[in-house]
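Heads up, run-v3.cif below (mmCIF, C-alpha atoms):
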```
data_my_file
#
loop_
_atom_site.label_atom_id
_atom_site.label_comp_id
_atom_site.auth_asym_id
_atom_site.auth_seq_id
_atom_site.Cartn_x
_atom_site.Cartn_y
_atom_site.Cartn_z
CA MET A 1 38.65 -27.16 -20.55
CA MET A 2 39.06 -25.43 -17.20
CA ILE A 3 39.73 -22.12 -18.93
CA LEU A 4 36.51 -22.47 -20.94
CA GLN A 5 34.46 -23.15 -17.79
CA ASN A 6 35.99 -20.17 -16.02
CA PHE A 7 35.35 -17.97 -19.05
CA LEU A 8 31.69 -19.06 -19.25
CA MET A 9 31.20 -18.53 -15.53
CA LEU A 10 32.76 -15.07 -15.76
CA LEU A 11 30.58 -14.27 -18.77
CA ILE A 12 27.40 -15.33 -16.94
CA ILE A 13 28.27 -13.40 -13.78
CA SER A 14 29.21 -10.24 -15.69
CA THR A 15 26.03 -10.45 -17.76
CA LEU A 16 23.92 -10.70 -14.61
CA LEU A 17 25.74 -7.82 -12.95
CA VAL A 18 25.55 -5.53 -15.98
CA SER A 19 21.99 -6.26 -17.04
CA GLY A 20 20.55 -6.66 -13.56
CA PHE A 21 17.48 -8.63 -12.72
CA ALA A 22 13.97 -7.91 -13.84
CA ARG A 23 12.75 -5.08 -11.65
CA ALA A 24 9.46 -3.28 -11.55
CA ASP A 25 8.86 -0.51 -9.08
CA SER A 26 5.12 -0.90 -9.24
CA TYR A 27 2.40 -3.25 -10.35
CA SER A 28 1.45 -0.96 -13.23
CA GLU A 29 4.96 -1.01 -14.65
CA ALA A 30 5.05 -4.79 -14.41
CA VAL A 31 1.73 -5.16 -16.24
CA ALA A 32 2.71 -2.64 -18.92
CA GLY A 33 6.03 -4.40 -19.40
CA HIS A 34 4.29 -7.75 -19.73
CA VAL A 35 1.80 -6.42 -22.30
CA ILE A 36 4.58 -4.80 -24.34
CA THR A 37 6.67 -7.97 -24.18
CA GLN A 38 3.77 -10.09 -25.38
CA LYS A 39 3.07 -7.63 -28.21
CA VAL A 40 6.72 -7.58 -29.32
CA GLN A 41 6.84 -11.38 -29.27
CA ASN A 42 3.60 -11.51 -31.33
CA ASN A 43 1.90 -13.67 -28.71
CA ASP A 44 -1.86 -13.64 -28.58
CA MET A 45 -3.11 -12.01 -25.43
CA ASP A 46 -6.58 -11.46 -24.05
CA HIS A 47 -6.49 -7.70 -23.52
CA SER A 48 -10.01 -7.65 -22.12
CA ALA A 49 -8.95 -10.06 -19.36
CA VAL A 50 -6.02 -7.79 -18.48
CA ALA A 51 -8.28 -4.74 -18.48
CA ASN A 52 -10.88 -6.57 -16.38
CA ALA A 53 -8.27 -7.65 -13.84
CA GLU A 54 -6.90 -4.11 -13.66
CA LEU A 55 -10.41 -2.68 -13.20
CA ASN A 56 -11.12 -5.18 -10.41
CA ARG A 57 -7.84 -4.24 -8.74
CA GLN A 58 -8.61 -0.52 -8.95
CA MET A 59 -12.14 -1.03 -7.59
CA HIS A 60 -10.76 -3.06 -4.68
CA GLN A 61 -8.25 -0.33 -3.83
CA LEU A 62 -10.97 2.33 -4.08
CA SER A 63 -13.31 0.41 -1.79
CA LEU A 64 -10.53 -0.01 0.79
CA GLU A 65 -9.80 3.72 0.67
CA ILE A 66 -13.50 4.57 1.04
CA LEU A 67 -13.80 2.25 4.04
CA ALA A 68 -10.75 3.86 5.64
CA VAL A 69 -12.23 7.34 5.17
CA VAL A 70 -15.64 6.28 6.52
CA PHE A 71 -14.18 4.61 9.60
CA ASN A 72 -11.80 7.51 10.25
CA ASN A 73 -14.73 9.94 10.11
CA MET A 74 -17.26 7.71 11.87
CA PRO A 75 -17.29 9.74 15.13
CA THR A 76 -17.98 12.92 13.15
CA ILE A 77 -20.71 11.23 11.14
CA LEU A 78 -22.33 9.77 14.25
CA ASP A 79 -22.14 13.13 16.03
CA GLY A 80 -23.89 14.78 13.10
CA ILE A 81 -26.61 12.12 13.04
CA SER A 82 -27.17 12.35 16.78
CA ALA A 83 -27.33 16.17 16.63
CA GLN A 84 -29.90 15.95 13.84
CA MET A 85 -31.96 13.46 15.83
CA ARG A 86 -31.82 15.70 18.94
CA LEU A 87 -33.02 18.68 16.90
CA GLU A 88 -35.87 16.60 15.49
CA ALA A 89 -36.86 15.39 18.99
CA ASP A 90 -36.71 18.95 20.37
CA LYS A 91 -38.92 20.20 17.56
CA MET A 92 -41.47 17.45 18.12
CA TYR A 93 -41.50 18.18 21.88
CA LYS A 94 -41.90 21.94 21.42
CA CYS A 95 -44.71 21.40 18.95
CA SER A 96 -46.46 19.03 21.35
CA LEU A 97 -46.36 21.71 24.09
CA GLN A 98 -48.19 24.25 21.93
CA ASP A 99 -51.96 23.96 22.21
CA ASP A 100 -53.87 26.52 20.18
CA TYR A 101 -51.02 28.62 18.93
CA LYS A 102 -48.63 26.93 16.47
CA ASN A 103 -45.53 28.68 15.16
CA LYS A 104 -44.19 28.20 11.61
CA GLU A 105 -42.08 25.16 12.55
CA CYS A 106 -45.06 23.20 13.84
CA GLU A 107 -47.53 23.87 11.04
#
```
Mind converting the file's structure to C-alpha cells?
Amino acid sequence: MMILQNFLMLLIISTLLVSGFARADSYSEAVAGHVITQKVQNNDMDHSAVANAELNRQMHQLSLEILAVVFNNMPTILDGISAQMRLEADKMYKCSLQDDYKNKECE
C-alpha cells in the first residue's frame, strides 16, 4: 500500500514538473487559448461577448495612451495656444491704431 502511494505521488509530481502549469505570456494568448479550448471541447460560447470585451479593453488602452500623450505634450500645446492668442491680440491692437489707412491684415 505504501509503495502504491509513493508511486502515485511520484507520478503526480513528475507530471506537474514535465507538463508545467498553465502559462500565458499575455492577455491575448490567454483569450485565444480559452476560445480554442472551448471550440475543441464543443462548448457553446458567445463570441460576440468575447469580441465586445476585447474591443472595450482595446478602447480603454487607447484612451489611456491618448491621455498620456496629451498630458506629456500639454506645455507645448498651451504654448502654441498662448502664442496664437498673442498674435491675435497684437493684430487687433495694430488694426485699432490705424485710422484712415488700413493694411491688408486689417481689412
Exercise. Can you tell me, as a PyMOL selection string, what residues are no more than 10 Å from stretch 51-63 of chain A when counting only C-alpha atoms, ignoring any on the same chain fewer than 6 positions away?
Worked result: chain A and resi 27-28+31+69
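A straight line drawn from atom CA of A:Cys95 to atom CA of A:Glu107 is 8.8 Å long.
Atom to atom, atom CA of A:Tyr101 and atom CA of A:Arg86 stand 23.1 Å apart.
The space separating atom CA of A:Asp46 from atom CA of A:Leu64 comes to 27.6 Å.
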